[in-house]
>>> print(open('work24.cif').read())   # mmCIF, C-alpha atoms and all ligand atoms
data_structure
#
loop_
_atom_site.label_atom_id
_atom_site.label_comp_id
_atom_site.auth_asym_id
_atom_site.auth_seq_id
_atom_site.Cartn_x
_atom_site.Cartn_y
_atom_site.Cartn_z
CA MET A 1 43.62 162.76 76.50
CA ALA A 2 46.31 160.09 76.13
CA SER A 3 45.01 156.54 76.01
CA ASP A 4 46.32 153.94 78.43
CA SER A 5 48.38 152.30 75.72
CA ASP A 6 49.98 155.64 74.78
CA THR A 7 50.83 156.24 78.40
CA PHE A 8 52.23 152.76 78.65
CA ARG A 9 54.37 153.13 75.53
CA LYS A 10 55.73 156.40 76.84
CA GLN A 11 56.55 154.80 80.18
CA GLN A 12 58.30 151.92 78.46
CA GLU A 13 60.40 154.37 76.42
CA MET A 14 61.36 156.38 79.49
CA SER A 15 62.28 153.21 81.33
CA ASP A 16 64.48 152.07 78.41
CA ALA A 17 66.17 155.48 78.22
CA VAL A 18 67.00 155.43 81.93
CA LYS A 19 68.35 151.90 81.69
CA ALA A 20 70.62 152.92 78.84
CA ASP A 21 71.95 155.87 80.85
CA LEU A 22 72.20 154.23 84.27
CA ALA A 23 75.49 152.44 83.90
CA GLU A 24 77.19 155.64 82.76
CA HIS A 25 75.63 158.08 85.21
CA PRO A 26 74.54 156.12 88.26
CA GLY A 27 75.07 159.18 90.48
CA ALA A 28 72.31 161.05 88.64
CA TYR A 29 69.70 158.64 89.95
CA THR A 30 67.89 158.30 93.22
CA MET A 31 65.83 155.17 93.69
CA LEU A 32 63.00 154.74 96.11
CA THR A 33 61.03 151.60 96.64
CA GLY A 34 59.54 149.76 99.56
CA ASP A 35 57.62 146.90 101.09
CA ARG A 36 54.72 146.45 103.45
CA PRO A 37 55.88 144.77 106.64
CA THR A 38 53.15 142.12 106.69
CA GLY A 39 55.40 139.05 106.93
CA ARG A 40 58.77 137.66 105.91
CA LEU A 41 60.31 138.19 102.50
CA HIS A 42 60.15 135.13 100.27
CA LEU A 43 61.82 133.87 97.11
CA GLY A 44 59.29 135.75 94.96
CA HIS A 45 60.36 139.07 96.50
CA TYR A 46 63.98 138.06 96.22
CA PHE A 47 63.96 137.35 92.50
CA GLY A 48 61.26 139.92 91.78
CA THR A 49 62.83 143.00 93.33
CA ILE A 50 65.53 142.48 95.96
CA ILE A 51 68.22 141.41 93.49
CA GLU A 52 67.49 144.48 91.37
CA ARG A 53 67.77 146.83 94.37
CA VAL A 54 71.10 145.34 95.39
CA ARG A 55 72.33 145.70 91.82
CA LEU A 56 71.34 149.40 91.69
CA GLN A 57 72.94 150.02 95.08
CA ASN A 58 76.16 148.39 93.95
CA GLU A 59 76.19 150.33 90.69
CA GLY A 60 76.24 153.58 92.65
CA VAL A 61 72.62 154.73 92.45
CA LYS A 62 71.37 156.47 95.63
CA THR A 63 69.08 153.83 97.06
CA ASN A 64 66.25 154.31 99.54
CA ILE A 65 63.84 151.78 100.96
CA VAL A 66 60.70 152.55 102.89
CA ILE A 67 59.31 149.90 105.18
CA ALA A 68 55.75 150.99 104.57
CA ASP A 69 54.22 150.46 108.00
CA TYR A 70 51.34 152.88 107.42
CA GLN A 71 50.39 150.89 104.31
CA VAL A 72 49.75 147.83 106.45
CA ILE A 73 46.51 149.41 107.65
CA THR A 74 45.20 150.36 104.21
CA ASP A 75 43.21 147.13 104.16
CA ARG A 76 43.71 145.53 107.60
CA ASP A 77 42.30 146.24 111.01
CA THR A 78 45.36 145.42 113.04
CA THR A 79 49.04 146.21 113.47
CA GLU A 80 49.69 142.94 115.28
CA HIS A 81 53.29 141.68 114.85
CA ILE A 82 54.31 144.90 113.12
CA HIS A 83 57.35 145.54 115.28
CA ASP A 84 58.65 142.03 114.72
CA ASN A 85 57.89 142.19 110.99
CA VAL A 86 59.76 145.48 110.61
CA LEU A 87 62.90 144.23 112.36
CA ASN A 88 62.84 141.02 110.34
CA MET A 89 62.47 142.99 107.15
CA VAL A 90 65.65 144.89 107.97
CA ILE A 91 67.35 141.55 108.70
CA ASP A 92 66.17 140.17 105.34
CA TYR A 93 67.43 143.25 103.46
CA LEU A 94 70.87 143.11 105.04
CA ALA A 95 71.14 139.35 104.59
CA CYS A 96 70.39 139.83 100.88
CA GLY A 97 73.12 142.40 100.42
CA MET A 98 71.53 145.78 101.09
CA ASP A 99 74.21 147.88 102.77
CA PRO A 100 73.01 150.43 105.33
CA ALA A 101 76.02 152.62 104.61
CA ARG A 102 74.74 153.09 101.06
CA THR A 103 71.01 152.47 101.34
CA MET A 104 68.68 154.50 103.54
CA ILE A 105 66.22 152.13 105.21
CA PHE A 106 63.38 153.77 107.16
CA THR A 107 59.78 153.41 108.31
CA HIS A 108 56.87 155.67 107.32
CA SER A 109 55.71 156.29 110.85
CA SER A 110 59.10 157.61 111.98
CA VAL A 111 59.25 160.43 109.44
CA PRO A 112 56.60 163.07 110.21
CA ALA A 113 57.73 165.53 107.53
CA LEU A 114 57.28 162.87 104.84
CA ASN A 115 53.72 162.32 105.97
CA GLN A 116 53.01 166.03 106.02
CA LEU A 117 53.55 166.23 102.25
CA MET A 118 50.28 164.34 102.02
CA LEU A 119 48.30 167.56 102.66
CA PRO A 120 49.46 169.64 99.71
CA PHE A 121 49.62 166.55 97.51
CA LEU A 122 46.01 165.59 98.20
CA SER A 123 45.00 169.00 96.91
CA LEU A 124 46.58 168.15 93.56
CA VAL A 125 44.45 165.11 92.72
CA SER A 126 40.76 164.78 91.99
CA GLU A 127 38.33 162.29 93.44
CA ALA A 128 37.86 160.75 89.98
CA GLU A 129 41.61 160.20 89.58
CA LEU A 130 41.75 158.47 92.93
CA LEU A 131 38.76 156.27 92.20
CA ARG A 132 39.99 155.00 88.87
CA ASN A 133 43.33 153.62 90.03
CA PRO A 134 43.11 149.92 89.01
CA THR A 135 45.53 148.72 91.69
CA VAL A 136 43.47 150.33 94.44
CA LYS A 137 40.33 148.73 93.04
CA ALA A 138 41.94 145.30 92.92
CA GLU A 139 43.26 145.60 96.48
CA GLN A 140 39.92 146.73 97.77
CA GLU A 141 38.16 143.78 96.16
CA ALA A 142 40.73 141.34 97.52
CA SER A 143 40.43 142.76 101.03
CA GLY A 144 36.68 142.23 101.27
CA HIS A 145 36.51 145.49 103.25
CA ALA A 146 34.82 148.77 102.51
CA LEU A 147 37.12 151.17 100.68
CA THR A 148 38.92 153.07 103.44
CA GLY A 149 40.10 156.62 102.96
CA LEU A 150 43.65 155.42 103.45
CA LEU A 151 43.39 152.71 100.78
CA LEU A 152 41.87 155.23 98.37
CA THR A 153 44.66 157.73 98.94
CA TYR A 154 47.68 155.49 99.46
CA PRO A 155 48.99 156.09 95.93
CA VAL A 156 49.27 159.76 96.98
CA HIS A 157 51.08 158.69 100.12
CA GLN A 158 53.36 156.65 97.89
CA ALA A 159 54.04 159.85 95.94
CA CYS A 160 55.17 161.36 99.26
CA ASP A 161 57.56 158.41 99.74
CA ILE A 162 59.07 158.87 96.32
CA LEU A 163 59.18 162.65 96.23
CA PHE A 164 60.35 163.50 99.76
CA CYS A 165 63.78 162.13 98.80
CA LYS A 166 63.48 163.43 95.22
CA GLY A 167 63.44 159.89 93.90
CA ASN A 168 63.64 159.86 90.12
CA ILE A 169 63.54 156.11 89.53
CA VAL A 170 61.21 153.53 91.01
CA PRO A 171 61.70 149.87 90.09
CA VAL A 172 58.22 148.52 89.44
CA GLY A 173 56.23 145.74 87.95
CA ARG A 174 53.69 146.71 85.31
CA ASP A 175 50.82 146.60 87.79
CA GLN A 176 52.41 149.49 89.70
CA LEU A 177 52.63 151.82 86.71
CA PRO A 178 49.39 153.66 87.50
CA HIS A 179 50.96 154.68 90.81
CA ILE A 180 53.99 156.10 89.08
CA GLU A 181 51.77 158.02 86.69
CA GLN A 182 49.94 159.50 89.67
CA THR A 183 53.24 160.49 91.28
CA ARG A 184 54.42 162.13 88.07
CA GLN A 185 51.20 164.06 87.85
CA ILE A 186 51.49 165.29 91.42
CA ALA A 187 55.09 166.38 90.87
CA ARG A 188 54.18 168.17 87.63
CA ARG A 189 51.19 169.94 89.13
CA PHE A 190 53.10 171.05 92.21
CA ASN A 191 55.96 172.38 90.09
CA GLU A 192 53.56 174.24 87.79
CA ARG A 193 51.44 175.69 90.55
CA TYR A 194 54.19 176.75 92.97
CA ALA A 195 57.86 176.29 92.03
CA LYS A 196 60.00 173.54 90.63
CA VAL A 197 60.73 171.40 93.65
CA PHE A 198 60.23 167.82 92.45
CA PRO A 199 61.58 165.53 89.73
CA GLU A 200 59.10 163.53 87.64
CA PRO A 201 60.09 160.00 88.53
CA VAL A 202 60.34 157.22 85.99
CA GLY A 203 59.15 153.69 86.65
CA LEU A 204 61.99 151.29 85.88
CA LEU A 205 60.30 148.28 84.37
CA THR A 206 62.27 145.36 85.70
CA GLU A 207 62.91 142.28 83.64
CA SER A 208 63.14 140.23 86.78
CA VAL A 209 61.37 136.91 86.81
CA LEU A 210 57.91 136.68 88.18
CA LEU A 211 58.50 133.57 90.22
CA PRO A 212 55.30 131.58 90.65
CA GLY A 213 54.49 129.86 93.93
CA LEU A 214 55.05 126.15 94.43
CA ASP A 215 51.57 125.45 93.06
CA GLY A 216 52.00 127.68 90.00
CA ARG A 217 49.73 130.42 91.39
CA LYS A 218 51.07 133.84 92.40
CA MET A 219 53.57 133.35 95.21
CA SER A 220 51.97 134.53 98.40
CA LYS A 221 52.35 133.69 102.03
CA SER A 222 48.57 133.41 102.35
CA TYR A 223 48.46 130.61 99.74
CA GLY A 224 51.10 128.60 101.64
CA ASN A 225 53.09 128.35 98.40
CA ALA A 226 55.96 130.68 99.28
CA ILE A 227 59.44 129.80 100.48
CA SER A 228 60.52 132.40 103.04
CA LEU A 229 64.15 133.42 103.00
CA CYS A 230 64.24 132.74 106.74
CA ALA A 231 62.80 129.21 106.55
CA THR A 232 65.13 126.44 107.72
CA GLU A 233 66.32 123.76 105.31
CA GLU A 234 63.89 121.32 106.92
CA GLU A 235 60.94 123.72 106.63
CA THR A 236 61.86 124.30 103.01
CA ALA A 237 61.96 120.55 102.33
CA LYS A 238 58.59 120.08 104.03
CA LEU A 239 56.93 122.86 102.07
CA ILE A 240 58.23 121.55 98.76
CA LYS A 241 57.19 118.01 99.66
CA LYS A 242 53.63 119.22 100.21
CA ALA A 243 53.48 120.99 96.85
CA GLN A 244 50.68 119.69 94.67
CA THR A 245 51.79 118.05 91.41
CA ASP A 246 49.83 115.78 89.06
CA SER A 247 49.59 112.12 88.09
CA ASP A 248 51.74 112.31 84.96
CA ARG A 249 55.05 110.76 85.93
CA THR A 250 57.06 112.27 83.11
CA ILE A 251 58.26 115.76 84.04
CA THR A 252 57.60 118.43 81.41
CA PHE A 253 57.44 122.22 81.55
CA ASP A 254 53.92 123.39 80.74
CA PRO A 255 52.72 126.24 82.99
CA GLU A 256 49.22 126.23 81.49
CA SER A 257 48.22 122.63 82.00
CA ARG A 258 50.75 121.58 84.65
CA PRO A 259 51.01 124.57 87.03
CA GLY A 260 52.33 122.56 89.99
CA VAL A 261 55.14 120.77 88.18
CA SER A 262 56.00 123.93 86.25
CA GLY A 263 56.12 126.11 89.38
CA LEU A 264 58.62 123.65 90.84
CA LEU A 265 60.68 123.67 87.64
CA THR A 266 60.84 127.48 87.59
CA THR A 267 61.93 127.52 91.23
CA ALA A 268 64.73 125.07 90.38
CA ALA A 269 65.62 127.08 87.27
CA VAL A 270 66.07 130.46 89.00
CA THR A 271 68.07 128.96 91.82
CA THR A 272 70.44 127.00 89.54
CA GLY A 273 70.65 129.25 86.48
CA ARG A 274 69.51 126.36 84.26
CA THR A 275 66.40 126.34 82.07
CA GLU A 276 63.17 124.61 83.03
CA GLN A 277 63.32 122.46 79.90
CA ASP A 278 66.81 121.29 80.68
CA ILE A 279 65.87 120.27 84.22
CA ALA A 280 62.65 118.59 83.04
CA ALA A 281 64.58 116.55 80.46
CA GLU A 282 67.09 115.45 83.06
CA ILE A 283 64.46 114.29 85.52
CA GLY A 284 62.27 112.75 82.83
CA ASP A 285 60.42 109.69 84.09
CA ALA A 286 61.85 109.83 87.60
CA GLY A 287 58.67 111.69 88.59
CA ALA A 288 57.59 114.41 90.99
CA GLY A 289 59.48 112.91 93.94
CA ALA A 290 62.80 113.29 92.15
CA LEU A 291 61.85 116.78 90.97
CA LYS A 292 61.02 117.84 94.52
CA ALA A 293 64.31 116.48 95.82
CA TYR A 294 66.13 118.50 93.17
CA VAL A 295 64.17 121.68 93.94
CA THR A 296 64.81 121.33 97.66
CA GLU A 297 68.51 120.86 97.14
CA SER A 298 68.74 123.79 94.69
CA VAL A 299 66.79 126.22 96.88
CA ASN A 300 68.66 125.31 100.04
CA ALA A 301 72.04 125.56 98.32
CA TYR A 302 71.12 128.91 96.75
CA LEU A 303 69.84 130.40 100.00
CA ALA A 304 72.58 128.98 102.24
CA PRO A 305 74.74 132.14 102.32
CA VAL A 306 71.70 134.43 102.79
CA ARG A 307 70.45 132.27 105.63
CA GLU A 308 73.84 132.15 107.26
CA ARG A 309 74.07 135.95 107.26
CA ARG A 310 70.50 136.06 108.50
CA ARG A 311 71.29 133.87 111.49
CA ALA A 312 74.23 136.06 112.44
CA LEU A 313 72.14 139.24 112.16
CA GLU A 314 69.31 137.74 114.20
CA ARG A 315 71.68 137.34 117.09
CA ASP A 316 72.40 141.09 117.11
CA ILE A 317 69.04 142.84 117.38
CA PRO A 318 70.59 146.02 118.88
CA PHE A 319 72.56 146.39 115.64
CA ILE A 320 69.38 145.97 113.56
CA GLU A 321 67.63 148.59 115.69
CA GLU A 322 70.59 150.91 115.22
CA VAL A 323 70.48 150.50 111.43
CA LEU A 324 66.83 151.46 111.45
CA ALA A 325 67.35 154.36 113.86
CA GLN A 326 70.07 155.79 111.64
CA GLY A 327 67.99 155.34 108.51
CA ASN A 328 65.10 157.08 110.21
CA GLU A 329 67.30 159.92 111.39
CA LEU A 330 68.64 160.51 107.91
CA ALA A 331 65.17 160.24 106.37
CA ASN A 332 63.96 162.89 108.80
CA GLU A 333 66.69 165.28 107.71
CA VAL A 334 65.90 164.71 104.05
CA ALA A 335 62.15 165.04 104.60
CA GLN A 336 62.51 168.20 106.68
CA SER A 337 64.63 169.83 104.02
CA THR A 338 62.09 168.96 101.29
CA LEU A 339 59.20 170.15 103.42
CA ASP A 340 61.05 173.44 103.96
CA GLU A 341 61.31 173.85 100.18
CA VAL A 342 57.63 173.05 99.83
CA ARG A 343 56.66 175.63 102.44
CA GLU A 344 58.88 178.19 100.78
CA ALA A 345 57.37 177.46 97.37
CA MET A 346 53.89 177.80 98.81
CA GLY A 347 54.67 180.99 100.70
CA MET A 348 54.05 179.32 104.02
CA VAL A 349 57.17 180.31 105.93
CA TYR A 350 56.14 182.17 109.06
N1 LIG B 401 53.20 149.52 97.79
C1 LIG B 401 54.42 148.82 97.95
C2 LIG B 401 54.08 147.37 98.36
O1 LIG B 401 52.95 147.07 98.63
C3 LIG B 401 55.33 149.42 99.00
C4 LIG B 401 55.65 150.86 98.78
C5 LIG B 401 55.38 151.88 99.64
C6 LIG B 401 56.28 151.46 97.64
N2 LIG B 401 55.78 153.07 99.14
C7 LIG B 401 56.34 152.85 97.92
C8 LIG B 401 56.78 150.98 96.44
C9 LIG B 401 56.85 153.75 96.98
C10 LIG B 401 57.31 151.87 95.53
C11 LIG B 401 57.34 153.25 95.80
O2 LIG B 401 54.95 146.54 98.42
#
>>> encode(input="work24.cif", output="structure tokens")
Amino acid sequence: MASDSDTFRKQQEMSDAVKADLAEHPGAYTMLTGDRPTGRLHLGHYFGTIIERVRLQNEGVKTNIVIADYQVITDRDTTEHIHDNVLNMVIDYLACGMDPARTMIFTHSSVPALNQLMLPFLSLVSEAELLRNPTVKAEQEASGHALTGLLLTYPVHQACDILFCKGNIVPVGRDQLPHIEQTRQIARRFNERYAKVFPEPVGLLTESVLLPGLDGRKMSKSYGNAISLCATEEETAKLIKKAQTDSDRTITFDPESRPGVSGLLTTAAVTTGRTEQDIAAEIGDAGAGALKAYVTESVNAYLAPVRERRRALERDIPFIEEVLAQGNELANEVAQSTLDEVREAMGMVY
């Protein structure tokens, strides 16, 4: 059996090969990725994945985004605010440059045929394979809940997301690679057992920055260290003002021993295109107050056009609903056609 590091090396090679080919043959690629609608998108999402999606869309790759509403209940007991979160997610996407004419945006729960792939796919994985997925384990521990059947099997559901539209590339961070491996396995096993219906998707390892939160920890709404794209300039200023720094007045970039100051420097760096060191040297002895003023100004200037588009879109909710309705309609057509192929391959056409 291949070791994890072998698997990883192979995945890295495949990712590199796709990257080399992408610019020349964008039309040969179908991307699928998605987000859980649990809150507003923040700067971490923006620099971590949204920019990359917009780039792929603009290069001519077929781009698909699932708003993963069924994944919200993998580790939560409520769907409170889900409707509002979903609409705001569409608003965030469009404000960031996703174009509904080129990118299919849809919700899990609106596409029955996608969800139906779950049945044959579940038959292609073993209990042991499900139980050893490290991402599932980590999420279960973080949730403090018992392991639900849905949390245990969501990587299979994610395979349905990717494969219903025959996605062959999935932009991912390294932590998501086990999911991609599971999807590849499902595709391979289905194709071997029945007929070749599915591609074996490749995880595109993105070089995007992992933007830390304002305190240097992982950026997360629940830590209060995330700047939402939809925050006002004043809210942004307030959040940055509250960020914890340290007593050393001289500003230096040192993520290990100065996480707060360094998180602020990285935020300023990504939003200005400068380096952290350069910004630190400029601020020097002026201290954390001056650094925070600079970060606030940089973030607000960077996000100004996104926020302006956002405000315009917010005023036209019927348009947002229409974008989603059309994405869902198209996703249903695609899913139905794939499910027809699956039934055919399995001899289940009656
Ligand atoms: N799990 C992803 C998240 O938590 C969202 C997601 C759902 C996804 N289906 C997917 C990502 C398929 C990539 C491929 O944000």
>>> residues_near_ligand(input="work24.cif", ligand="ligand LIG 401 (chain B)", cutoff="9 Å", atoms="all atoms listed in the file", output="PyMOL selection string")
chain A and resi 31-37+65-72+108+154-155+157-162+170-172+176+179-180
>>> closest_atom_pairs(input="work24.cif", of="range 205-260 of chain A", to="range 299-308 of chain A", cutoff="7 Å", atoms="all atoms listed in the file", output="Markdown table")
| residue | atom | partner | partner_atom | distance |
| --- | --- | --- | --- | --- |
| A:Leu229 | CA | A:Arg307 | CA | 6.9 |
| A:Cys230 | CA | A:Arg307 | CA | 6.3 |
| A:Glu233 | CA | A:Asn300 | CA | 6.0 |
>>> residues_around(input="work24.cif", residues="Lys166 in chain A", least_positions_apart="2", cutoff="10 Å", atoms="only C-alpha atoms", output="list in words")
Tyr29, Thr30, Met31, Leu32, Cys160, Asp161, Ile162, Leu163, Phe164, Asn168, Ile169, Ala187, Val197, Phe198, Pro199, Glu200, Pro201, Val334, Ala335 and Thr338 of chain A
>>> residues_around(input="work24.cif", residues="range 8-22 of chain A", least_positions_apart="3", cutoff="7 Å", atoms="only C-alpha atoms", output="CSV table (one decimal) with C-alpha atoms, keeping the file's coordinate frame")
chain,number,residue,atom,x,y,z
A,4,ASP,CA,46.3,153.9,78.4
A,5,SER,CA,48.4,152.3,75.7
A,25,HIS,CA,75.6,158.1,85.2
A,26,PRO,CA,74.5,156.1,88.3
A,202,VAL,CA,60.3,157.2,86.0
A,203,GLY,CA,59.2,153.7,86.6
A,204,LEU,CA,62.0,151.3,85.9
A,205,LEU,CA,60.3,148.3,84.4
>>> closest_residue(input="work24.cif", among="A:Leu43, A:Ala269, A:Leu177, A:Ala146", to="Asn133 in chain A", atoms="only C-alpha atoms")
A:Leu177
>>> decode(input="work24.cif", residues="range 12-26 of chain A", atoms="N, CA and C atoms", output="mmCIF file, in the first residue's frame")
data_model
loop_
_atom_site.group_PDB
_atom_site.id
_atom_site.type_symbol
_atom_site.label_atom_id
_atom_site.label_comp_id
_atom_site.auth_asym_id
_atom_site.auth_seq_id
_atom_site.Cartn_x
_atom_site.Cartn_y
_atom_site.Cartn_z
ATOM 1 N N GLN A 12 1.106 16.110 -5.435
ATOM 2 C CA GLN A 12 1.845 17.333 -5.761
ATOM 3 C C GLN A 12 2.238 17.337 -7.243
ATOM 4 N N GLU A 13 2.689 16.187 -7.729
ATOM 5 C CA GLU A 13 3.091 16.086 -9.141
ATOM 6 C C GLU A 13 1.907 16.313 -10.068
ATOM 7 N N MET A 14 0.769 15.713 -9.723
ATOM 8 C CA MET A 14 -0.414 15.894 -10.566
ATOM 9 C C MET A 14 -0.846 17.351 -10.574
ATOM 10 N N SER A 15 -0.786 17.963 -9.400
ATOM 11 C CA SER A 15 -1.165 19.370 -9.287
ATOM 12 C C SER A 15 -0.250 20.239 -10.161
ATOM 13 N N ASP A 16 1.055 19.968 -10.105
ATOM 14 C CA ASP A 16 2.011 20.734 -10.919
ATOM 15 C C ASP A 16 1.745 20.540 -12.409
ATOM 16 N N ALA A 17 1.442 19.304 -12.792
ATOM 17 C CA ALA A 17 1.199 19.008 -14.211
ATOM 18 C C ALA A 17 -0.033 19.767 -14.701
ATOM 19 N N VAL A 18 -1.085 19.776 -13.886
ATOM 20 C CA VAL A 18 -2.293 20.500 -14.286
ATOM 21 C C VAL A 18 -1.998 21.988 -14.415
ATOM 22 N N LYS A 19 -1.267 22.523 -13.442
ATOM 23 C CA LYS A 19 -0.950 23.954 -13.483
ATOM 24 C C LYS A 19 -0.197 24.320 -14.758
ATOM 25 N N ALA A 20 0.722 23.423 -15.151
ATOM 26 C CA ALA A 20 1.511 23.698 -16.352
ATOM 27 C C ALA A 20 0.626 23.690 -17.593
ATOM 28 N N ASP A 21 -0.421 22.876 -17.583
ATOM 29 C CA ASP A 21 -1.269 22.709 -18.757
ATOM 30 C C ASP A 21 -2.429 23.711 -18.813
ATOM 31 N N LEU A 22 -2.793 24.225 -17.644
ATOM 32 C CA LEU A 22 -4.016 25.033 -17.525
ATOM 33 C C LEU A 22 -4.086 26.228 -18.465
ATOM 34 N N ALA A 23 -2.992 26.982 -18.507
ATOM 35 C CA ALA A 23 -3.026 28.207 -19.297
ATOM 36 C C ALA A 23 -3.257 27.896 -20.772
ATOM 37 N N GLU A 24 -2.735 26.732 -21.222
ATOM 38 C CA GLU A 24 -2.880 26.388 -22.634
ATOM 39 C C GLU A 24 -4.225 25.763 -22.974
ATOM 40 N N HIS A 25 -4.728 24.945 -22.050
ATOM 41 C CA HIS A 25 -5.996 24.252 -22.326
ATOM 42 C C HIS A 25 -7.030 24.479 -21.230
ATOM 43 N N PRO A 26 -7.391 25.724 -20.985
ATOM 44 C CA PRO A 26 -8.328 25.961 -19.874
ATOM 45 C C PRO A 26 -9.658 25.233 -20.084
#
